[in-house]
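Down below is the structure, laid out as structure tokens.
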Amino acid sequence: MSARTNNTQPWDAVVIGGGVMGCSTALHLAQGGMRVALVDRGPLCREASGVNAGTLTLHMTRAALIPYAMRAWQMWMEAERWLGMGVLATGVPGLTLAFTDAECELVEVRAKARREFGAPIEVISPQRARQIEPGLHPSLLKAGYCEIDGFASAYLTGRAFRHALTRAGVTVFENAPVEAVDSGDGGHAVRLAAAAGLAPLRTRRVVLAGGVWIENMLAWLGVNIPVKVLINQLVVTERIRPVMRTVLSVASGLLSLKQFANGTVLIGGGWQGEGDRERGGVEARPQNLVGNMRLAAYAVPALSEARVARIWLGLEAETADAMPIIGDVPGASHAWVIGSAHSGYTSGPFMGRILAQHILGQTPELPLFDPARLLGMPMPGA
Amino acid sequence: MSAPVPLDLLVIGAGPAGARAALRARSCGLSVLLVDENPGAGGQVWRPLPAAFERRGDAPPSPEARDGDALRHELRRSGVKSLFGHKVWNIGSDLRTDVIGPDGSRSWHPRALLVATGTTERVVPFPGWTLPGVIGLAAATILLKSQNMLPGRRTVVAGSGPLLLAVANGILKAGGEVAAVVDIASRGEWLRTLPSLTGRPDLVWQGMQWQWRLRAAGVPVLYRHAVRAVESAGNGFGVRIGPVDASGRPLERAGVERVWQADAVAVGHGLVPGTDVTRLLRARHRFVRERGGWIAQADADGRTSVPGLYIAGDGAGIAGAAAAGAHGEIAALACALDLGVLDAGTHARLRAPLASQWARSARFGHAMAGLMALRAGAVAGIAADTVVCRCEDVTRAQIDAAVREGARDVNQLKAWTRCGMGPCQGRTCGDVAGALVAAQVGGREAAGFFTGRAPLRPVSLAEVAGEYTYADIPIPKAAPL
Amino acid sequence: MTTDHPSFPIPLRSDAAVQRGAALRFFMDGEPVEAFAGESVAAALMAAGRRTLRHSPRDGAPRGAFCLMGSCQECLVWIGTRKQPSCQVAVAAGLEVESLPWREARA
């Protein structure tokens with residue numbers, strides 16, 4: 001499909017933002033019969049959706065989001081079926097580890113909260129944990145165990161979605177930055193930067209799926225909702241012999257660890273680097289690199305021999321109450337917003353599906369997250 | 001982690017450019033640290049003999065060996081603080097530099113950083129280029145000059161540029177056989193570099209000697225030819241060689257291909273400036289084919305688009321070893337001026353002779369760089385199932401397919417194929433991969449270059465983590481419930 | 001030690017211009033290798049006829065030293081707990097070097 005043609009017929013929907021949320025929304029809208037355009041200022045899934053740790057875990061998902069994450073987990077595992085191409089999604093159990101008394105307490109509290117929302121998480125002894133994961137540090141005190149866990153190769157997401165979107169008839173405009181959305185009666189005009197060489201996209205409906213840039217996008221429609229930007233550091237090692245077989249985290253939430261089939265190990269956990277919304281991720285903070293790597297090498301001592309191949313940064317959005325923003329843009333008509341799901345990659349495909357259901361006039365499988373609640377809510381620490 | 005140690009100038013790379021820069025900076029009164037991952041100064045061109053080796057009295061040192069020894073001697077006498085056997089693995093946007101050595105990780109915070117990390121070798125892939133026993137031309141130079149070892153009993157020497165004759169002669173001198181010298185360039189291209197040799201009778205003489213020695217040994221020199229494939233064959237390799245056109249594209253004509261027997265192949269198609277550090281620090285870059293490819297944008301004194309970041313030597317664009325030293329000193333003077341340690345008058349006075357020296361030396365270096373530049377036909381001629389990314393076994397066919405599917409720059413290519421994601425961090429495949437993408441997306445600028453990332457060299461978790469207990473791990477605020 | 005140099009043994013060392021360091025013995029995958037002080041592990045292994053050091057990740061193709069300057073990472077070996085390019089490591093008496101496949105097979 002030529003990326004530079006522009007029909008005179010207005011689109012049924014234009015989705016702004018080609019990450020997993022935007023791609024999933026666009027895909028499901030098209031499958032629901034709409035004529036959809038998807039716009040991104042860069043290539044598809046090259047921001048958070050392409051650079052995150054790819055963890056598909058329930059341990060680190062907010063308790064209230066467990067039912068969403070479980071359904072999304074299923075979608076990732078079946079990606080070949082509905083995307084046509086997979087992201088090497090692998091289902092393995094997940095362990096969240098406690099090395100101190102305070103962490104033991106956290107394991108119990110977090111497991112209980114998640115069980116209440118349907119996650120099959122039990123607290124197990126260190127002996128049982130080592131049966132499941134022999135390479136764990138001998139000083140382990142306790143672990144949370146969940147049989148539904150896993151990971152995907154996030155960097156394959158763009159390729160997979162591009163394939164599916166093309167098949168579904170979605171017109172994709174990459175490297176096409178949006179400057180503004182002009183709303184009038186009956187629809188919107190999505191204005192692109194001059195360099196994109198495109199006339200404004202006229203559309204009945206607009207979906208803002210801009211990740212950490214949702215705050216800027218809502219401002220186009222005159223809505224002021226602050227979105228905090230987290231700058232997450234990630235480290236990947238060279239290929240090493242198999243040293244672990246589950247997805248690991250620490251009760252404090254500050255470690256995510258997985259080994260891919262190709263032998264590389266991805267180390268994450270939300271340790272913060274330097275950067276901002278305007279410049280993106282700039283650089284890692286050395287003491288946070290050291291801390292993250294120490295935690296990883298502590299949890300799985302065999303990792304200390306692994307060599308680091310690459311360190312990078314990804315931007316993650318967080319709202320004032322740390323819950324997603326998915327639903328009608330307050331005060332606007334035929335405008336929706338989706339994002340900030342915290343562990344958004346995990347739940348992304350499902351969130352896009354239920355928003356699409358809502359936009360198509362159906363009852364979404366699970367409730368959305370009303371953006372209006374965030375109006376006037378102060379950002380903690382601001 | 002201990003606090004970073006402040007200093008005026010940190011120089012990365014102790015080849016001719018970096019070492020001379022460090023010496024000049026010190027003589028201007030700057031506090032200087034010179035860091036190199038090799039065991040001694042000299043870079044590639046003046047690589048020292050291993051410390052345990054001794055030159056035999058009856059074997060006079062080559063001019064290069066003499067220059068290298070003189071430089072190392074001057075460094076030792078000068079009191080420039082040098083850290084050899086140390087890897088720079090990370091640099092912050094404030095130029096804080098993290099270094100790993102045998103005794104762990106340390107940091108410095110210089111006011112200025114001078115990058116003189118030289119080049120890496122480029123090899124245009126062909127079937128069999130990954131077989132053990134096929135090494136680079138620069139690699140063969142290191143083997144011959146430093147380790148005093150032959151690549152094999154009988155070696156095919158192939159590729160482009162001045163290293164061809166140097167390696168072939170080095171092999172003969174060391175008592176080995178050269179099956180053939182295979183040069184993409186034509187005799188005419190070489191003759192056209194003669195004007196650049198004005199004022200360098202030593203190089204003219206050396207070139208003639210090399211030609212004579214090859215002729216005397218009966219070594220065939222095949223101009224406008226390239227290696228098409230290397231196959232294991234009995235007790236050696238069968239090296240398939242055929243003619244190419246001026247763009248390096250293989251010419252298909254019946255009966256022109258010949259198979260040569262050898263047990264080693266030394267092949268190299270030019271040098272690529274090392275931009276790891278400048279890409280990491282997000283300096284602006286430009287693509288200049290005749291200088292080796294992507295280089296950081298810089299003025300004549302090595303100032304990049306990042307304040308406090310200077311580049312010098314071949315890493316700033318290939319100009320040859322003789323020019324590198326002068327360039328390093330010019331950059332050091334610029335740094336001293338910018339740090340307020342030199343006044344403008346003194347700076348200009350000291351700079352003038354170095355600038356003339358650079359101009360004289362660079363003429364030859366530029367001519368050689370032209371011979372070594374990557375040829376479009378050579379890239380076009382890469383066979384589909386040839387591995388391009390050695391680390392990840394990504395073939396040309398896989399690269400082309402990804403670009404057709406929508407990967408329009410090398411970073412998207414990397415995400416979709418893993419090309420460039422391996423331990424070499426894209427140094428070996430990056431230039432050729434960029435050329436392959438460029439052919440489909442309308443140019444090298446569009447194809448771009450791999451985004452620079454830490455670590456600059458692979459480092460183990462143990463090296464970064466150091467000694468610690470669980471309580472030493474600085475735990476930030478825990479995740480929300 | 002497994003040698004895979006097709007014409008081994010052939011002398012690859014050229015001593016016309018230099019006197020090497022003292023003769024010594026190190027170990028590669030448990031087997032003794034004769035070398036001289038000052039040589040790199042990669043060069044000493046090449047001289048001993050051992051060229052294949054590992055296998056490529058997807059195709060399992062044999063790989064060995066290529067750039068000899070610490071950049072390409074093809075000549076990686078294990079020395080104790082550190083994985084290093086063997087072209088950047090000097091031989092030492094008694095040094096125990098393990099190839100990647102050897103260490104992995106015994107893990």
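All residue names refer to the structure tokens as shown: chains lettered A, B, ... in order, residues numbered from 1 in each chain, ligands numbered from 1 in order.
Neighbours of C:Ser14 closer than or equal to 9 Å, with only C-alpha atoms counted and sequence neighbours fewer than 5 positions away skipped, come out as Leu144, Gln147, Asn148, Met149, Leu150, Ala174, Gly175 and Gly176 of chain B.
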Just-selected residues, all heavy atoms written as a compact mmCIF listing (two decimals), in the first residue's frame:
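The result, written out as part_21.txt:
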# COMPACT_ATOMS: atom_id res chain seq x y z
N LEU B 144 52.09 -10.93 11.30
CA LEU B 144 53.44 -10.89 10.77
C LEU B 144 54.33 -9.98 11.60
O LEU B 144 55.44 -10.36 11.98
CB LEU B 144 53.41 -10.40 9.32
CG LEU B 144 52.83 -11.38 8.30
CD1 LEU B 144 52.44 -10.65 7.02
CD2 LEU B 144 53.83 -12.50 8.01
N GLN B 147 53.47 -10.78 16.03
CA GLN B 147 53.68 -12.16 16.48
C GLN B 147 54.75 -12.88 15.66
O GLN B 147 55.14 -14.00 16.00
CB GLN B 147 52.35 -12.95 16.37
CG GLN B 147 51.22 -12.37 17.18
CD GLN B 147 51.44 -12.54 18.68
OE1 GLN B 147 51.64 -13.64 19.15
NE2 GLN B 147 51.41 -11.44 19.42
N ASN B 148 55.20 -12.23 14.59
CA ASN B 148 56.21 -12.85 13.71
C ASN B 148 55.79 -14.26 13.30
O ASN B 148 56.55 -15.23 13.45
CB ASN B 148 57.58 -12.84 14.40
CG ASN B 148 58.27 -11.51 14.23
OD1 ASN B 148 59.23 -11.36 13.48
ND2 ASN B 148 57.76 -10.51 14.91
N MET B 149 54.60 -14.33 12.78
CA MET B 149 54.03 -15.61 12.42
C MET B 149 53.37 -15.51 11.06
O MET B 149 52.89 -14.44 10.66
CB MET B 149 52.98 -15.96 13.47
CG MET B 149 52.82 -17.43 13.71
SD MET B 149 51.64 -17.69 15.02
CE MET B 149 52.69 -17.61 16.47
N LEU B 150 53.36 -16.62 10.32
CA LEU B 150 52.70 -16.66 9.02
C LEU B 150 51.24 -17.08 9.19
O LEU B 150 50.92 -17.86 10.07
CB LEU B 150 53.41 -17.68 8.12
CG LEU B 150 54.82 -17.33 7.66
CD1 LEU B 150 55.50 -18.57 7.11
CD2 LEU B 150 54.75 -16.23 6.60
N ALA B 174 59.07 -13.44 5.69
CA ALA B 174 59.04 -14.37 6.83
C ALA B 174 59.19 -15.81 6.37
O ALA B 174 59.08 -16.72 7.18
CB ALA B 174 57.73 -14.19 7.60
N GLY B 175 59.44 -16.02 5.10
CA GLY B 175 59.70 -17.37 4.61
C GLY B 175 58.49 -18.12 4.14
O GLY B 175 58.55 -19.34 3.94
N GLY B 176 57.37 -17.45 3.94
CA GLY B 176 56.18 -18.13 3.48
C GLY B 176 55.98 -17.98 1.98
O GLY B 176 56.74 -17.30 1.30
In stretch 241-346 of chain B, what's helix (DSSP H, G or I) per DSSP? Answer as a count of residues only?
32
Against chain B, which residues of chain C fall within 6 Å? For each one I want the closest pair of atoms and the distance in Å (one decimal), counting only C-alpha atoms, rows by chain and increasing residue number, as a tab-separated table.
residue	atom	partner	partner_atom	distance
C:Pro6	CA	B:Asn235	CA	4.4
C:Ser7	CA	B:Asn235	CA	5.6
C:Leu12	CA	B:Leu150	CA	5.0
C:Arg13	CA	B:Met149	CA	4.5
C:Ser14	CA	B:Ala174	CA	5.4
C:Ala17	CA	B:Ala59	CA	5.4
C:Val18	CA	B:Arg55	CA	4.4
C:Gln19	CA	B:Glu54	CA	5.0
C:Arg20	CA	B:Phe53	CA	4.5
C:Gly21	CA	B:Ala52	CA	4.6
C:Ala37	CA	B:Ala52	CA	5.9
C:Gly38	CA	B:Ala52	CA	4.9
C:Arg51	CA	B:Pro132	CA	5.6
C:Thr52	CA	B:Pro132	CA	5.8
C:Arg58	CA	B:Asp393	CA	6.0
C:Arg63	CA	B:Pro132	CA	5.3
C:Gly64	CA	B:Pro132	CA	4.8
C:Phe66	CA	B:Ile135	CA	4.5
C:Cys67	CA	B:Ala139	CA	4.9
C:Leu68	CA	B:Ala139	CA	5.0
C:Cys72	CA	B:Cys424	CA	5.0
C:Gln73	CA	B:Cys424	CA	5.6
Determine which residues of chain C sit within 9 Å of chain A, taking into account only C-alpha atoms, and present them as number ranges by chain.
-> C: 57-58, 81-83, 104, 107
Should the cut-off be 7 Å, what would the residue list for chain A against chain B look like, counting only C-alpha atoms, as a VMD selection string?
chain A and resid 62 to 63 110 155 to 156 159 238 252 to 254 283 290 to 291 293 to 295 304 to 312
Using only C-alpha atoms, determine which residues lie at most 9 Å from stretch 177-184 of chain B, disregarding the query and same-chain residues fewer than 3 positions distant; provide the list as a PDB file with N, CA and C atoms, in the first residue's frame.
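The resulting around30.pdb:
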ATOM      1  N   GLY B 152      49.760 -18.979   7.071  1.00  0.00           N
ATOM      2  CA  GLY B 152      49.717 -20.349   6.577  1.00  0.00           C
ATOM      3  C   GLY B 152      50.975 -20.610   5.795  1.00  0.00           C
ATOM      4  N   ARG B 153      51.087 -21.797   5.234  1.00  0.00           N
ATOM      5  CA  ARG B 153      52.276 -22.092   4.422  1.00  0.00           C
ATOM      6  C   ARG B 153      52.175 -21.332   3.104  1.00  0.00           C
ATOM      7  N   ARG B 154      50.940 -21.336   2.536  1.00  0.00           N
ATOM      8  CA  ARG B 154      50.732 -20.717   1.225  1.00  0.00           C
ATOM      9  C   ARG B 154      49.445 -19.904   1.299  1.00  0.00           C
ATOM     10  N   THR B 155      49.568 -18.589   1.145  1.00  0.00           N
ATOM     11  CA  THR B 155      48.461 -17.684   1.414  1.00  0.00           C
ATOM     12  C   THR B 155      48.023 -16.944   0.162  1.00  0.00           C
ATOM     13  N   VAL B 156      46.714 -16.834  -0.015  1.00  0.00           N
ATOM     14  CA  VAL B 156      46.180 -15.907  -1.024  1.00  0.00           C
ATOM     15  C   VAL B 156      45.970 -14.575  -0.329  1.00  0.00           C
ATOM     16  N   VAL B 157      46.500 -13.515  -0.907  1.00  0.00           N
ATOM     17  CA  VAL B 157      46.384 -12.169  -0.337  1.00  0.00           C
ATOM     18  C   VAL B 157      45.456 -11.378  -1.251  1.00  0.00           C
ATOM     19  N   ALA B 158      44.317 -10.910  -0.707  1.00  0.00           N
ATOM     20  CA  ALA B 158      43.284 -10.349  -1.581  1.00  0.00           C
ATOM     21  C   ALA B 158      42.621  -9.121  -0.999  1.00  0.00           C
ATOM     22  N   GLY B 159      42.060  -8.312  -1.893  1.00  0.00           N
ATOM     23  CA  GLY B 159      41.274  -7.170  -1.431  1.00  0.00           C
ATOM     24  C   GLY B 159      41.682  -5.902  -2.130  1.00  0.00           C
ATOM     25  N   SER B 160      41.859  -4.841  -1.353  1.00  0.00           N
ATOM     26  CA  SER B 160      42.235  -3.576  -1.973  1.00  0.00           C
ATOM     27  C   SER B 160      43.093  -2.756  -1.018  1.00  0.00           C
ATOM     28  N   GLY B 161      43.880  -1.862  -1.596  1.00  0.00           N
ATOM     29  CA  GLY B 161      44.614  -0.907  -0.785  1.00  0.00           C
ATOM     30  C   GLY B 161      46.070  -1.287  -0.540  1.00  0.00           C
ATOM     31  N   LEU B 164      47.751  -4.779   0.776  1.00  0.00           N
ATOM     32  CA  LEU B 164      47.958  -5.957  -0.077  1.00  0.00           C
ATOM     33  C   LEU B 164      49.442  -6.240  -0.271  1.00  0.00           C
ATOM     34  N   LEU B 165      50.169  -5.238  -0.781  1.00  0.00           N
ATOM     35  CA  LEU B 165      51.589  -5.462  -1.055  1.00  0.00           C
ATOM     36  C   LEU B 165      52.366  -5.625   0.238  1.00  0.00           C
ATOM     37  N   ALA B 168      51.770  -9.208   1.449  1.00  0.00           N
ATOM     38  CA  ALA B 168      52.414 -10.179   0.550  1.00  0.00           C
ATOM     39  C   ALA B 168      53.919 -10.195   0.794  1.00  0.00           C
ATOM     40  N   ASN B 169      54.491  -9.014   0.921  1.00  0.00           N
ATOM     41  CA  ASN B 169      55.926  -8.947   1.164  1.00  0.00           C
ATOM     42  C   ASN B 169      56.308  -9.420   2.551  1.00  0.00           C
ATOM     43  N   ILE B 171      54.874 -11.735   4.143  1.00  0.00           N
ATOM     44  CA  ILE B 171      54.841 -13.200   4.096  1.00  0.00           C
ATOM     45  C   ILE B 171      56.114 -13.742   3.458  1.00  0.00           C
ATOM     46  N   LEU B 172      56.513 -13.148   2.332  1.00  0.00           N
ATOM     47  CA  LEU B 172      57.740 -13.615   1.656  1.00  0.00           C
ATOM     48  C   LEU B 172      58.944 -13.449   2.569  1.00  0.00           C
ATOM     49  N   LEU B 214      58.070  -9.475  -5.320  1.00  0.00           N
ATOM     50  CA  LEU B 214      56.983 -10.355  -5.746  1.00  0.00           C
ATOM     51  C   LEU B 214      57.312 -10.997  -7.094  1.00  0.00           C
ATOM     52  N   ALA B 217      59.879 -13.670  -6.803  1.00  0.00           N
ATOM     53  CA  ALA B 217      59.369 -14.902  -6.195  1.00  0.00           C
ATOM     54  C   ALA B 217      58.333 -15.572  -7.082  1.00  0.00           C
ATOM     55  N   VAL B 219      55.334 -14.499  -7.844  1.00  0.00           N
ATOM     56  CA  VAL B 219      53.972 -14.378  -7.320  1.00  0.00           C
ATOM     57  C   VAL B 219      53.103 -13.650  -8.341  1.00  0.00           C
ATOM     58  N   PRO B 220      52.031 -14.284  -8.808  1.00  0.00           N
ATOM     59  CA  PRO B 220      51.136 -13.579  -9.745  1.00  0.00           C
ATOM     60  C   PRO B 220      50.390 -12.473  -9.028  1.00  0.00           C
ATOM     61  N   VAL B 221      50.294 -11.307  -9.668  1.00  0.00           N
ATOM     62  CA  VAL B 221      49.499 -10.196  -9.132  1.00  0.00           C
ATOM     63  C   VAL B 221      48.348  -9.986 -10.091  1.00  0.00           C
ATOM     64  N   LEU B 222      47.148 -10.259  -9.639  1.00  0.00           N
ATOM     65  CA  LEU B 222      45.974 -10.203 -10.506  1.00  0.00           C
ATOM     66  C   LEU B 222      45.197  -8.927 -10.222  1.00  0.00           C
ATOM     67  N   TYR B 223      45.353  -7.935 -11.109  1.00  0.00           N
ATOM     68  CA  TYR B 223      44.590  -6.703 -10.963  1.00  0.00           C
ATOM     69  C   TYR B 223      43.176  -6.922 -11.457  1.00  0.00           C
ATOM     70  N   ARG B 224      42.263  -6.112 -10.991  1.00  0.00           N
ATOM     71  CA  ARG B 224      40.831  -6.205 -11.343  1.00  0.00           C
ATOM     72  C   ARG B 224      40.317  -7.639 -11.149  1.00  0.00           C
ATOM     73  N   HIS B 225      40.680  -8.218  -9.998  1.00  0.00           N
ATOM     74  CA  HIS B 225      40.191  -9.549  -9.649  1.00  0.00           C
ATOM     75  C   HIS B 225      39.758  -9.554  -8.186  1.00  0.00           C
ATOM     76  N   ALA B 226      38.941 -10.525  -7.849  1.00  0.00           N
ATOM     77  CA  ALA B 226      38.497 -10.661  -6.458  1.00  0.00           C
ATOM     78  C   ALA B 226      38.266 -12.133  -6.141  1.00  0.00           C
ATOM     79  N   VAL B 227      38.315 -12.430  -4.835  1.00  0.00           N
ATOM     80  CA  VAL B 227      37.993 -13.787  -4.385  1.00  0.00           C
ATOM     81  C   VAL B 227      36.487 -13.947  -4.450  1.00  0.00           C
ATOM     82  N   ILE B 241      38.816 -17.461  -7.753  1.00  0.00           N
ATOM     83  CA  ILE B 241      39.132 -16.067  -8.066  1.00  0.00           C
ATOM     84  C   ILE B 241      38.635 -15.732  -9.461  1.00  0.00           C
ATOM     85  N   PRO B 243      37.490 -12.209 -12.375  1.00  0.00           N
ATOM     86  CA  PRO B 243      37.638 -10.782 -12.690  1.00  0.00           C
ATOM     87  C   PRO B 243      36.431  -9.970 -12.228  1.00  0.00           C
ATOM     88  N   VAL B 244      36.691  -8.685 -11.980  1.00  0.00           N
ATOM     89  CA  VAL B 244      35.634  -7.746 -11.614  1.00  0.00           C
ATOM     90  C   VAL B 244      35.748  -6.509 -12.494  1.00  0.00           C
ATOM     91  N   ASP B 245      34.658  -5.731 -12.524  1.00  0.00           N
ATOM     92  CA  ASP B 245      34.743  -4.464 -13.254  1.00  0.00           C
ATOM     93  C   ASP B 245      35.199  -3.363 -12.282  1.00  0.00           C
ATOM     94  N   ALA B 246      35.229  -2.134 -12.766  1.00  0.00           N
ATOM     95  CA  ALA B 246      35.771  -1.036 -11.952  1.00  0.00           C
ATOM     96  C   ALA B 246      34.964  -0.818 -10.677  1.00  0.00           C
ATOM     97  N   SER B 247      33.683  -1.232 -10.692  1.00  0.00           N
ATOM     98  CA  SER B 247      32.872  -1.041  -9.486  1.00  0.00           C
ATOM     99  C   SER B 247      32.999  -2.219  -8.536  1.00  0.00           C
ATOM    100  N   GLY B 248      33.808  -3.218  -8.916  1.00  0.00           N
ATOM    101  CA  GLY B 248      33.995  -4.374  -8.061  1.00  0.00           C
ATOM    102  C   GLY B 248      33.007  -5.493  -8.323  1.00  0.00           C
ATOM    103  N   TRP B 260      42.569 -21.438  -6.936  1.00  0.00           N
ATOM    104  CA  TRP B 260      43.953 -21.470  -6.472  1.00  0.00           C
ATOM    105  C   TRP B 260      44.024 -22.267  -5.179  1.00  0.00           C
ATOM    106  N   GLN B 261      45.073 -23.036  -5.020  1.00  0.00           N
ATOM    107  CA  GLN B 261      45.251 -23.803  -3.796  1.00  0.00           C
ATOM    108  C   GLN B 261      46.035 -22.976  -2.780  1.00  0.00           C
ATOM    109  N   ALA B 262      45.545 -22.989  -1.553  1.00  0.00           N
ATOM    110  CA  ALA B 262      46.241 -22.277  -0.474  1.00  0.00           C
ATOM    111  C   ALA B 262      45.767 -22.868   0.844  1.00  0.00           C
ATOM    112  N   HIS B 269      39.077  -5.284   2.464  1.00  0.00           N
ATOM    113  CA  HIS B 269      38.605  -4.300   1.489  1.00  0.00           C
ATOM    114  C   HIS B 269      38.511  -2.935   2.137  1.00  0.00           C
ATOM    115  N   LEU B 371      41.650   4.243  -2.872  1.00  0.00           N
ATOM    116  CA  LEU B 371      41.788   2.867  -3.356  1.00  0.00           C
ATOM    117  C   LEU B 371      41.024   1.888  -2.489  1.00  0.00           C
TER     118      LEU B 371
END
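Put simply, atom CA of B:Tyr310 is 19.1 Å away from atom CA of B:Ser107.
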*For B:Leu354, list every protein, DNA or RNA residue within 9 Å, evaluated using only C-alpha atoms, and leave out those in the same chain fewer than 5 positions away; present the list as a ChimeraX atom specification.*
/B:326-327,329-330,359
Taking the chain letters and numbering used in this document, name the residues of stretch 122-232 of chain A that DSSP puts in strand (DSSP E or B), as a PyMOL selection string. chain A and resi 122-124+142-151+171-173+178-184+187-192+201-208+228-232
